[in-house]
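I have placed the structure first, in the form of structure tokens, so that the comments after it can refer back to it.
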Amino acid sequence: MAELSDKAREEFFSEAQEIIETLSRNLLSLDTTIKAGTSDPSLINEAFRAVHTLKGLAGLFGAARLGALSHRLEDVLDDLRLGRIELGQEVLDVLFGAVEAYTRILQAEKADSDEELDVEQLFVDLERIGASATEHESPVAGYELDPGLLAVLTEYEEHRLRANIELQMQLYRLRVQFDLSTIDKVLEEMKERAKRHGEIITYLPTGEATSADTIELDLLMASRDDLATLIGSLGADNVVIEEIPRRARHSATPGTLPPRRPTALGRTDSTGMHGDLERGGLDQAVSLRSLTQTVRVDIRKLDHLMNIVGELAIVRSALGRVAEKLRGEGQRKLAAELQRLHRNFDRRLGEMQDGILEVRMVPLGQVFDRLARVVRQISREVGKEIRLVITGAETEIDKLIVEELSDPLMHMIRNAIDHGIEVGQRRVEVGKPLAGTIALNAFQKGNHVMIEVEDDGRGIDLTGLTEKAITLGKLSRSEAQEMSRDEVLALIFLPGLSTRQVADDVSGRGVGMDIVKTNISKLGGVIDVHSESGIGTKMTITLPITLAIVSALLIQAGQHTLAIPLSSVSEAIAFDEAAVRLVDGREVITLRGQTLPLCRLDRLMALEPAPNLASRRRFVVVAALGQRRLGLVVDFLYGQEDIVIKPLGKSLSAVRGFAGATELGDQRVGLVLDAAGLIEEALAGLDAPRNLERASG
Amino acid sequence: MANLTQSTASRLARRIGDRGPVREFLMFALAGELYGVELTRIKEILSPPPITVVPRAPHNVIGVCSVRGLLVTVLDLRRTLNLEERTLTRRGRILLGAAESGEVIGLLVDEVKHVVRLAANEIEPAATALGGDVSEFVMGIGRPAGEFLILLDLPSIVSG
């Protein structure tokens, strides 16, 4: 790539990325319309524009590979929108291939790598599609159209004209007087009203304005309705509608349209609202500019701002303490003044924090779009028809989480298609619709975001799963018999388990779900699975909304001050040593009729005891994630605080149980407990993996 | 300070002339011995802030502390080098260095002395001086005028 500032490069990449995502969305919509047996010319047109813009961008930034692909793709899309190529699944496959290739090229450019990307086959495919383009014989010749009009049609308009004629539409000419000051609005309204009857293909000034303030346009319209209906609907004092008569067969001029004359409209160009510049040239100039009023920001900069907010929060607490101190020393007036400032500061800081958090939020739709592409691709590969239903794509979540979600979700969807959804014939036999449905639902619940991946397939084969676990030595037969249904389901998260006997391309060898689970836990989330034999499987991911700043409960355990993210705390109760029962060597208490397993933090972490607190009353903090609950026995509760979590360094990455550290004020650092990890660790014996140690040791 | 060091260094370089390139080492004390690490590897010298012990951490990690909002992992150099442990005195300092991963690492030492300049011929490579079996953390022995300095390889310590 040419020499560029880092900032410009970043801009280029994110803009290119956005355009590619738009393209991908367009193709997906096209896929849907084709399946529904309809077509939407505006979608192809949009895809064409996206690629065209990308080509321009690539040219500006000297990204040759990107430019080359865009160039070929543009040709094919142009043929498509002009109807020279029929849009079918095969063509779409190649177009989706191009989207993948774009992504790879962008990654290579980003890494400044000149590595050979395997896009030859794609180019061959694009070439092949392009070669199949056919020039239609012009049906337009069958109408008494003004050759002057035909000469200035853009290629696209020409295509629309042909398409309409092929659909047996009647052509009309609307001669309309417009007031120059309101023409934009009125013309748009006119187009809108015309949609009910057909389509306005083009408009041209007649050059016969009656006064200096008006302009007369000829609108070429195609409609299925007759003249009387149109006059009734669109007619007015300033509108004259005429039908364009068909030519008698014998006088039809053979051949194609007259050659295009780029300057055909020169004589009326002074009005500035039509002509080649307006419809073609200006379009291209505009599309190179950013359309939205947005700035792209490196997320690290937001992290930095959030850190500063964290530091300010510490200053705020110090201010509060000073105010208290002043009051204690009898300086009431000064104390009250400081208190007021402190409250004001507090409020503004809160707003600032919310503002920064809001900026970090992105809709899940970003990752869902990518998944929709994957679904389409896999369903074609394995020959199963899949209907993907997405709800809640607008649900917002931290940008960093979104980035990390796409792999786990992709894997779950692959599993659903491959293992879940039955082959078509089988589905029909059991009375299900031929097309399998995968639902991807997202919604916010408190300060969590839930994402469900649900399929209407055969459900998880519990017997098969248990057998496999026994065969792999993860479980003994007698243990298997004692397991509850949920425990058996949890087996799918064990490494190496897959109910499929033969490994395949799609879901691989069953290495997936344990990795999915690990990745989700890294984000502070949990995954639950429900499955009904013959009805389907539903996986639910529960995630925190943001990783940047969290409300946390500060506690004391041993000599440590620790923070637990409030999002994973359901309640805190006083600890009654006498109520503890031992079940199978594990401490539990009963909380509102339900068994709650206990975990003594000081013992689990081998913390040094806090002598001054030993005689005091202790507490149980109930950590809950998804359906799992764990009671953490702690020495003291300090209360709630908003904290900025900083990750522990790489040399501490192997340390389990902590999500990071945070500043507590007066220079001290507190560790933040990883609730998901702790629950996992402490409940390891209650869940299925209890037997792992026995089996491997 | 920086100017002074530089001008001293260049004066020195002129004086020693042909004794090979000169490198600057920060000298510090640890369990009664003198050690040195290359000055360019050290970002900052701190009086130890409160350090939060991290349970379950590797043996040579004391814990974490915050330096102006930056989270620092603090290593006990005594433990890393298998020296006897002792509580810190008020002379104890933390040397800040960066690991390749970008993680900022603090090394706890007993006392910081001063900067010494060693020409190439004043450094014995570890293998020559101590035989092949020497710890990966020691890069050599420095012998500035009458002193004995164990030179440590900071990158292998902070990445270990």
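Lettering and numbering for the structure tokens are positional, with chains as A, B, ... in the shown order, residues counted from 1 in each chain, and ligands counted from 1 in the shown order.
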
Could you write out as a ChimeraX atom specification the residues of chain A within 9 Å of chain B, counting only C-alpha atoms? /A:307-308,310-311,560,605-607,646-652,654-657,661-663,667-671

Using the selection just defined, write its residues with C-alpha atoms as an mmCIF file, in the first residue's frame.
data_model
loop_
_atom_site.group_PDB
_atom_site.id
_atom_site.type_symbol
_atom_site.label_atom_id
_atom_site.label_comp_id
_atom_site.auth_asym_id
_atom_site.auth_seq_id
_atom_site.Cartn_x
_atom_site.Cartn_y
_atom_site.Cartn_z
ATOM 1 C CA ASN A 307 -9.431 5.093 32.766
ATOM 2 C CA ILE A 308 -9.390 8.828 33.327
ATOM 3 C CA GLY A 310 -11.914 5.978 36.889
ATOM 4 C CA GLU A 311 -9.151 8.204 38.229
ATOM 5 C CA HIS A 560 -7.905 -9.040 50.915
ATOM 6 C CA MET A 605 -7.698 -19.060 47.548
ATOM 7 C CA ALA A 606 -5.588 -19.967 50.599
ATOM 8 C CA LEU A 607 -5.855 -16.380 51.852
ATOM 9 C CA LYS A 646 -7.920 -3.631 34.246
ATOM 10 C CA PRO A 647 -6.716 -6.982 33.023
ATOM 11 C CA LEU A 648 -3.896 -8.684 34.900
ATOM 12 C CA GLY A 649 -0.629 -8.880 33.001
ATOM 13 C CA LYS A 650 0.384 -11.792 30.852
ATOM 14 C CA SER A 651 2.599 -13.263 33.548
ATOM 15 C CA LEU A 652 -0.529 -13.739 35.654
ATOM 16 C CA ALA A 654 -2.576 -18.598 34.303
ATOM 17 C CA VAL A 655 -4.019 -17.458 37.639
ATOM 18 C CA ARG A 656 -7.626 -18.582 37.871
ATOM 19 C CA GLY A 657 -10.425 -16.866 39.713
ATOM 20 C CA ALA A 661 -7.751 -5.585 39.174
ATOM 21 C CA THR A 662 -9.069 -2.161 39.978
ATOM 22 C CA GLU A 663 -7.937 0.899 41.863
ATOM 23 C CA GLN A 667 -3.096 4.062 45.751
ATOM 24 C CA ARG A 668 -4.335 0.606 46.679
ATOM 25 C CA VAL A 669 -5.258 -2.008 44.123
ATOM 26 C CA GLY A 670 -8.050 -4.516 44.646
ATOM 27 C CA LEU A 671 -8.465 -7.761 42.769
#

So which bits of chain B end up alpha helix (DSSP H) when you DSSP the backbone, as a ChimeraX atom specification? /B:2-16,77-80,126-130,154-159

Mind checking which residues fall within 12 Å of Leu630 (chain A), counting only C-alpha atoms, ignoring those fewer than 3 positions away in the same chain, and posting them as a PDB file with N, CA and C atoms, in the first residue's frame?
ATOM      1  N   SER A 568     -23.110 -10.233  38.584  1.00  0.00           N
ATOM      2  CA  SER A 568     -23.179 -11.665  38.857  1.00  0.00           C
ATOM      3  C   SER A 568     -23.553 -11.952  40.312  1.00  0.00           C
ATOM      4  N   VAL A 569     -23.996 -10.909  41.006  1.00  0.00           N
ATOM      5  CA  VAL A 569     -24.406 -11.107  42.401  1.00  0.00           C
ATOM      6  C   VAL A 569     -25.923 -11.007  42.480  1.00  0.00           C
ATOM      7  N   SER A 570     -26.578 -11.995  43.069  1.00  0.00           N
ATOM      8  CA  SER A 570     -28.032 -11.877  43.176  1.00  0.00           C
ATOM      9  C   SER A 570     -28.438 -11.315  44.539  1.00  0.00           C
ATOM     10  N   GLU A 571     -27.705 -11.642  45.594  1.00  0.00           N
ATOM     11  CA  GLU A 571     -28.018 -11.078  46.902  1.00  0.00           C
ATOM     12  C   GLU A 571     -26.888 -11.378  47.872  1.00  0.00           C
ATOM     13  N   ALA A 572     -26.933 -10.740  49.019  1.00  0.00           N
ATOM     14  CA  ALA A 572     -25.959 -11.039  50.070  1.00  0.00           C
ATOM     15  C   ALA A 572     -26.728 -11.233  51.362  1.00  0.00           C
ATOM     16  N   GLU A 587     -20.074 -28.297  51.389  1.00  0.00           N
ATOM     17  CA  GLU A 587     -20.885 -27.482  52.282  1.00  0.00           C
ATOM     18  C   GLU A 587     -22.020 -26.832  51.479  1.00  0.00           C
ATOM     19  N   VAL A 588     -23.214 -26.934  52.035  1.00  0.00           N
ATOM     20  CA  VAL A 588     -24.354 -26.266  51.394  1.00  0.00           C
ATOM     21  C   VAL A 588     -25.201 -25.618  52.482  1.00  0.00           C
ATOM     22  N   ILE A 589     -25.976 -24.613  52.098  1.00  0.00           N
ATOM     23  CA  ILE A 589     -27.002 -24.101  52.988  1.00  0.00           C
ATOM     24  C   ILE A 589     -28.319 -24.118  52.227  1.00  0.00           C
ATOM     25  N   THR A 590     -29.384 -23.911  52.930  1.00  0.00           N
ATOM     26  CA  THR A 590     -30.678 -23.862  52.269  1.00  0.00           C
ATOM     27  C   THR A 590     -31.129 -22.411  52.227  1.00  0.00           C
ATOM     28  N   LEU A 591     -31.402 -21.942  51.022  1.00  0.00           N
ATOM     29  CA  LEU A 591     -31.837 -20.564  50.870  1.00  0.00           C
ATOM     30  C   LEU A 591     -33.212 -20.575  50.210  1.00  0.00           C
ATOM     31  N   GLN A 594     -34.158 -23.711  48.585  1.00  0.00           N
ATOM     32  CA  GLN A 594     -33.288 -24.283  47.558  1.00  0.00           C
ATOM     33  C   GLN A 594     -31.892 -24.489  48.111  1.00  0.00           C
ATOM     34  N   THR A 595     -31.238 -25.530  47.623  1.00  0.00           N
ATOM     35  CA  THR A 595     -29.892 -25.818  48.086  1.00  0.00           C
ATOM     36  C   THR A 595     -28.899 -24.875  47.422  1.00  0.00           C
ATOM     37  N   LEU A 596     -28.050 -24.273  48.253  1.00  0.00           N
ATOM     38  CA  LEU A 596     -27.050 -23.361  47.709  1.00  0.00           C
ATOM     39  C   LEU A 596     -25.662 -23.878  48.107  1.00  0.00           C
ATOM     40  N   PRO A 597     -24.875 -24.302  47.133  1.00  0.00           N
ATOM     41  CA  PRO A 597     -23.527 -24.756  47.467  1.00  0.00           C
ATOM     42  C   PRO A 597     -22.683 -23.580  47.954  1.00  0.00           C
ATOM     43  N   LEU A 598     -21.801 -23.844  48.904  1.00  0.00           N
ATOM     44  CA  LEU A 598     -20.983 -22.769  49.475  1.00  0.00           C
ATOM     45  C   LEU A 598     -19.541 -22.888  49.013  1.00  0.00           C
ATOM     46  N   CYS A 599     -18.885 -21.738  49.003  1.00  0.00           N
ATOM     47  CA  CYS A 599     -17.468 -21.724  48.704  1.00  0.00           C
ATOM     48  C   CYS A 599     -16.827 -20.729  49.652  1.00  0.00           C
ATOM     49  N   ARG A 600     -15.923 -21.212  50.497  1.00  0.00           N
ATOM     50  CA  ARG A 600     -15.244 -20.284  51.401  1.00  0.00           C
ATOM     51  C   ARG A 600     -14.051 -19.695  50.669  1.00  0.00           C
ATOM     52  N   LEU A 601     -14.164 -18.428  50.336  1.00  0.00           N
ATOM     53  CA  LEU A 601     -13.139 -17.783  49.516  1.00  0.00           C
ATOM     54  C   LEU A 601     -11.756 -17.892  50.140  1.00  0.00           C
ATOM     55  N   VAL A 620     -22.695 -14.253  53.289  1.00  0.00           N
ATOM     56  CA  VAL A 620     -22.683 -15.082  52.085  1.00  0.00           C
ATOM     57  C   VAL A 620     -23.138 -14.205  50.921  1.00  0.00           C
ATOM     58  N   VAL A 621     -22.277 -14.082  49.945  1.00  0.00           N
ATOM     59  CA  VAL A 621     -22.640 -13.360  48.726  1.00  0.00           C
ATOM     60  C   VAL A 621     -23.082 -14.414  47.715  1.00  0.00           C
ATOM     61  N   VAL A 622     -24.332 -14.302  47.262  1.00  0.00           N
ATOM     62  CA  VAL A 622     -24.840 -15.308  46.327  1.00  0.00           C
ATOM     63  C   VAL A 622     -24.510 -14.867  44.901  1.00  0.00           C
ATOM     64  N   ALA A 623     -23.580 -15.588  44.298  1.00  0.00           N
ATOM     65  CA  ALA A 623     -23.218 -15.308  42.912  1.00  0.00           C
ATOM     66  C   ALA A 623     -24.108 -16.159  42.026  1.00  0.00           C
ATOM     67  N   ALA A 624     -24.694 -15.545  41.013  1.00  0.00           N
ATOM     68  CA  ALA A 624     -25.586 -16.282  40.129  1.00  0.00           C
ATOM     69  C   ALA A 624     -25.298 -15.908  38.695  1.00  0.00           C
ATOM     70  N   LEU A 625     -25.122 -16.911  37.873  1.00  0.00           N
ATOM     71  CA  LEU A 625     -24.940 -16.666  36.443  1.00  0.00           C
ATOM     72  C   LEU A 625     -25.735 -17.726  35.718  1.00  0.00           C
ATOM     73  N   GLY A 626     -26.582 -17.266  34.806  1.00  0.00           N
ATOM     74  CA  GLY A 626     -27.428 -18.234  34.139  1.00  0.00           C
ATOM     75  C   GLY A 626     -28.229 -18.961  35.195  1.00  0.00           C
ATOM     76  N   GLN A 627     -28.142 -20.273  35.208  1.00  0.00           N
ATOM     77  CA  GLN A 627     -28.937 -21.024  36.179  1.00  0.00           C
ATOM     78  C   GLN A 627     -28.124 -21.472  37.379  1.00  0.00           C
ATOM     79  N   VAL A 633     -18.584 -17.326  50.829  1.00  0.00           N
ATOM     80  CA  VAL A 633     -18.509 -16.910  52.225  1.00  0.00           C
ATOM     81  C   VAL A 633     -17.401 -15.873  52.348  1.00  0.00           C
ATOM     82  N   ALA A 675     -16.465 -14.089  38.647  1.00  0.00           N
ATOM     83  CA  ALA A 675     -17.576 -14.869  39.193  1.00  0.00           C
ATOM     84  C   ALA A 675     -17.848 -16.116  38.350  1.00  0.00           C
ATOM     85  N   ALA A 676     -17.843 -15.940  37.022  1.00  0.00           N
ATOM     86  CA  ALA A 676     -18.123 -17.093  36.158  1.00  0.00           C
ATOM     87  C   ALA A 676     -17.096 -18.191  36.402  1.00  0.00           C
ATOM     88  N   GLY A 677     -15.825 -17.785  36.490  1.00  0.00           N
ATOM     89  CA  GLY A 677     -14.755 -18.754  36.690  1.00  0.00           C
ATOM     90  C   GLY A 677     -14.866 -19.447  38.040  1.00  0.00           C
ATOM     91  N   LEU A 678     -15.213 -18.670  39.076  1.00  0.00           N
ATOM     92  CA  LEU A 678     -15.321 -19.237  40.420  1.00  0.00           C
ATOM     93  C   LEU A 678     -16.463 -20.247  40.498  1.00  0.00           C
ATOM     94  N   ILE A 679     -17.586 -19.863  39.907  1.00  0.00           N
ATOM     95  CA  ILE A 679     -18.742 -20.762  39.913  1.00  0.00           C
ATOM     96  C   ILE A 679     -18.351 -22.058  39.221  1.00  0.00           C
ATOM     97  N   GLU A 680     -17.694 -21.886  38.100  1.00  0.00           N
ATOM     98  CA  GLU A 680     -17.230 -23.033  37.336  1.00  0.00           C
ATOM     99  C   GLU A 680     -16.356 -23.938  38.204  1.00  0.00           C
ATOM    100  N   GLU A 681     -15.385 -23.303  38.864  1.00  0.00           N
ATOM    101  CA  GLU A 681     -14.401 -24.050  39.628  1.00  0.00           C
ATOM    102  C   GLU A 681     -15.061 -24.742  40.834  1.00  0.00           C
ATOM    103  N   ALA A 682     -15.885 -23.972  41.543  1.00  0.00           N
ATOM    104  CA  ALA A 682     -16.452 -24.513  42.775  1.00  0.00           C
ATOM    105  C   ALA A 682     -17.510 -25.564  42.479  1.00  0.00           C
ATOM    106  N   LEU A 683     -18.211 -25.389  41.369  1.00  0.00           N
ATOM    107  CA  LEU A 683     -19.278 -26.342  41.059  1.00  0.00           C
ATOM    108  C   LEU A 683     -18.771 -27.495  40.210  1.00  0.00           C
ATOM    109  N   ALA A 684     -17.470 -27.486  39.917  1.00  0.00           N
ATOM    110  CA  ALA A 684     -16.920 -28.510  39.027  1.00  0.00           C
ATOM    111  C   ALA A 684     -17.342 -29.895  39.496  1.00  0.00           C
ATOM    112  N   LEU A 686     -20.104 -30.628  41.091  1.00  0.00           N
ATOM    113  CA  LEU A 686     -21.544 -30.870  41.017  1.00  0.00           C
ATOM    114  C   LEU A 686     -21.987 -31.092  39.588  1.00  0.00           C
TER     115      LEU A 686
END

Would you list the contacts of Arg128 (chain A) as a PDB file with N, CA and C atoms, in the first residue's frame, taking every protein, DNA or RNA residue within 12 Å and counting only C-alpha atoms, but skipping same-chain residues closer than 2 positions in sequence?
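Once written, out_28.pdb looks like this:
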ATOM      1  N   ARG A  72     -13.544  -6.164 -11.393  1.00  0.00           N
ATOM      2  CA  ARG A  72     -14.230  -7.301 -12.019  1.00  0.00           C
ATOM      3  C   ARG A  72     -15.648  -7.445 -11.488  1.00  0.00           C
ATOM      4  N   LEU A  73     -15.751  -7.269 -10.178  1.00  0.00           N
ATOM      5  CA  LEU A  73     -17.048  -7.436  -9.539  1.00  0.00           C
ATOM      6  C   LEU A  73     -18.028  -6.382 -10.051  1.00  0.00           C
ATOM      7  N   ASP A  75     -18.085  -5.009 -12.942  1.00  0.00           N
ATOM      8  CA  ASP A  75     -18.552  -5.399 -14.271  1.00  0.00           C
ATOM      9  C   ASP A  75     -19.714  -6.390 -14.177  1.00  0.00           C
ATOM     10  N   VAL A  76     -19.511  -7.385 -13.325  1.00  0.00           N
ATOM     11  CA  VAL A  76     -20.548  -8.416 -13.205  1.00  0.00           C
ATOM     12  C   VAL A  76     -21.843  -7.812 -12.658  1.00  0.00           C
ATOM     13  N   ILE A  85     -27.304 -10.477 -17.259  1.00  0.00           N
ATOM     14  CA  ILE A  85     -27.079 -11.780 -16.625  1.00  0.00           C
ATOM     15  C   ILE A  85     -28.276 -12.065 -15.741  1.00  0.00           C
ATOM     16  N   GLU A  90     -26.325 -19.675  -8.283  1.00  0.00           N
ATOM     17  CA  GLU A  90     -24.922 -19.911  -8.630  1.00  0.00           C
ATOM     18  C   GLU A  90     -24.169 -18.587  -8.693  1.00  0.00           C
ATOM     19  N   VAL A  91     -24.804 -17.605  -9.314  1.00  0.00           N
ATOM     20  CA  VAL A  91     -24.183 -16.283  -9.400  1.00  0.00           C
ATOM     21  C   VAL A  91     -23.999 -15.713  -7.996  1.00  0.00           C
ATOM     22  N   VAL A  94     -20.982 -16.998  -6.191  1.00  0.00           N
ATOM     23  CA  VAL A  94     -19.741 -16.335  -6.587  1.00  0.00           C
ATOM     24  C   VAL A  94     -19.646 -14.959  -5.921  1.00  0.00           C
ATOM     25  N   GLN A 121      -9.509 -18.593  -8.502  1.00  0.00           N
ATOM     26  CA  GLN A 121     -10.741 -19.281  -8.865  1.00  0.00           C
ATOM     27  C   GLN A 121     -11.904 -18.296  -8.927  1.00  0.00           C
ATOM     28  N   LEU A 122     -11.907 -17.374  -7.983  1.00  0.00           N
ATOM     29  CA  LEU A 122     -12.971 -16.374  -7.937  1.00  0.00           C
ATOM     30  C   LEU A 122     -12.961 -15.534  -9.207  1.00  0.00           C
ATOM     31  N   PHE A 123     -11.758 -15.117  -9.611  1.00  0.00           N
ATOM     32  CA  PHE A 123     -11.642 -14.308 -10.820  1.00  0.00           C
ATOM     33  C   PHE A 123     -12.135 -15.085 -12.030  1.00  0.00           C
ATOM     34  N   VAL A 124     -11.768 -16.385 -12.067  1.00  0.00           N
ATOM     35  CA  VAL A 124     -12.226 -17.229 -13.175  1.00  0.00           C
ATOM     36  C   VAL A 124     -13.754 -17.286 -13.184  1.00  0.00           C
ATOM     37  N   ASP A 125     -14.332 -17.477 -11.989  1.00  0.00           N
ATOM     38  CA  ASP A 125     -15.791 -17.552 -11.884  1.00  0.00           C
ATOM     39  C   ASP A 125     -16.450 -16.252 -12.338  1.00  0.00           C
ATOM     40  N   LEU A 126     -15.870 -15.136 -11.882  1.00  0.00           N
ATOM     41  CA  LEU A 126     -16.434 -13.838 -12.259  1.00  0.00           C
ATOM     42  C   LEU A 126     -16.366 -13.666 -13.776  1.00  0.00           C
ATOM     43  N   GLY A 130     -19.402 -13.213 -16.334  1.00  0.00           N
ATOM     44  CA  GLY A 130     -19.420 -12.042 -17.204  1.00  0.00           C
ATOM     45  C   GLY A 130     -19.597 -12.441 -18.662  1.00  0.00           C
ATOM     46  N   ALA A 131     -18.949 -13.566 -19.033  1.00  0.00           N
ATOM     47  CA  ALA A 131     -18.989 -13.997 -20.426  1.00  0.00           C
ATOM     48  C   ALA A 131     -20.377 -14.458 -20.835  1.00  0.00           C
ATOM     49  N   SER A 132     -21.178 -14.841 -19.848  1.00  0.00           N
ATOM     50  CA  SER A 132     -22.514 -15.345 -20.177  1.00  0.00           C
ATOM     51  C   SER A 132     -23.503 -14.211 -20.455  1.00  0.00           C
ATOM     52  N   ALA A 133     -23.015 -12.972 -20.313  1.00  0.00           N
ATOM     53  CA  ALA A 133     -23.910 -11.830 -20.526  1.00  0.00           C
ATOM     54  C   ALA A 133     -24.426 -11.819 -21.959  1.00  0.00           C
TER      55      ALA A 133
END

So how far away is CA of Ile200 (chain A) from CA of Asn164 (chain A), in Å? 10.5 Å

Do you know which residues are at most 10 Å from region 89-96 of chain B counting only C-alpha atoms, after dropping those on the same chain fewer than 4 positions away, and could you put them as an mmCIF file with C-alpha atoms, in the first residue's frame?
data_model
loop_
_atom_site.group_PDB
_atom_site.id
_atom_site.type_symbol
_atom_site.label_atom_id
_atom_site.label_comp_id
_atom_site.auth_asym_id
_atom_site.auth_seq_id
_atom_site.Cartn_x
_atom_site.Cartn_y
_atom_site.Cartn_z
ATOM 1 C CA LEU B 26 22.098 0.397 36.701
ATOM 2 C CA PHE B 28 21.649 -2.317 42.666
ATOM 3 C CA ALA B 29 22.055 -4.455 45.760
ATOM 4 C CA LEU B 30 20.256 -7.704 46.427
ATOM 5 C CA VAL B 37 20.839 -4.353 34.449
ATOM 6 C CA ARG B 41 15.793 -1.471 29.807
ATOM 7 C CA ILE B 42 14.669 0.419 32.914
ATOM 8 C CA LYS B 43 11.845 2.913 32.486
ATOM 9 C CA GLU B 44 11.588 4.198 35.991
ATOM 10 C CA ILE B 45 12.700 3.667 39.593
ATOM 11 C CA LEU B 46 9.996 3.861 42.260
ATOM 12 C CA SER B 47 9.603 3.762 45.977
ATOM 13 C CA PRO B 48 7.342 0.773 46.415
ATOM 14 C CA PRO B 49 3.641 1.728 46.435
ATOM 15 C CA VAL B 67 1.599 3.374 38.993
ATOM 16 C CA VAL B 72 2.136 -3.260 37.213
ATOM 17 C CA THR B 73 3.008 -6.866 38.007
ATOM 18 C CA VAL B 74 5.686 -6.868 40.723
ATOM 19 C CA LEU B 75 8.299 -9.653 40.771
ATOM 20 C CA ASP B 76 10.461 -10.399 43.752
ATOM 21 C CA LEU B 77 13.939 -10.600 42.263
ATOM 22 C CA VAL B 104 4.823 -3.521 32.631
ATOM 23 C CA ILE B 105 6.863 -5.456 35.172
ATOM 24 C CA GLY B 106 8.251 -4.146 38.438
ATOM 25 C CA LEU B 107 11.350 -5.730 39.979
ATOM 26 C CA LEU B 108 11.740 -5.412 43.693
ATOM 27 C CA VAL B 109 15.363 -4.813 44.761
ATOM 28 C CA ASP B 110 17.000 -4.017 48.114
ATOM 29 C CA GLU B 111 18.707 -0.799 47.181
ATOM 30 C CA VAL B 112 19.582 1.140 44.053
#

Which parts of chain B does DSSP call strand (DSSP E or B) when run on the backbone here, written out as a count of residues only? 69

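The gap separating CA of Ala552 (chain A) from CA of Gln366 (chain A) is 29.1 Å, in Å to one decimal.
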
Tell me, in Å to one decimal, how far CA of Arg78 (chain B) is from CA of Gly97 (chain B). 16.6 Å

Applying 10 Å and only C-alpha atoms, which residues near Leu92 (chain A) remain after dropping the ones on its own chain fewer than 3 positions away? List them as a ChimeraX atom specification. /A:27-28,30-31,34,87-89,95-98

Exercise: region 58-64 of chain A partners within 12 Å, only C-alpha atoms, chain neighbours under 5 positions left out, as a ChimeraX atom specification: /A:1-5,8-13,15-17,19,51-53,69-71,102,105-106,108-110,112-114,288

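Here the question is which of B:Glu124, B:Leu149, B:Pro155, B:Ala119 gets nearest to Glu136 (chain B) using only C-alpha atoms, and that residue is B:Pro155.
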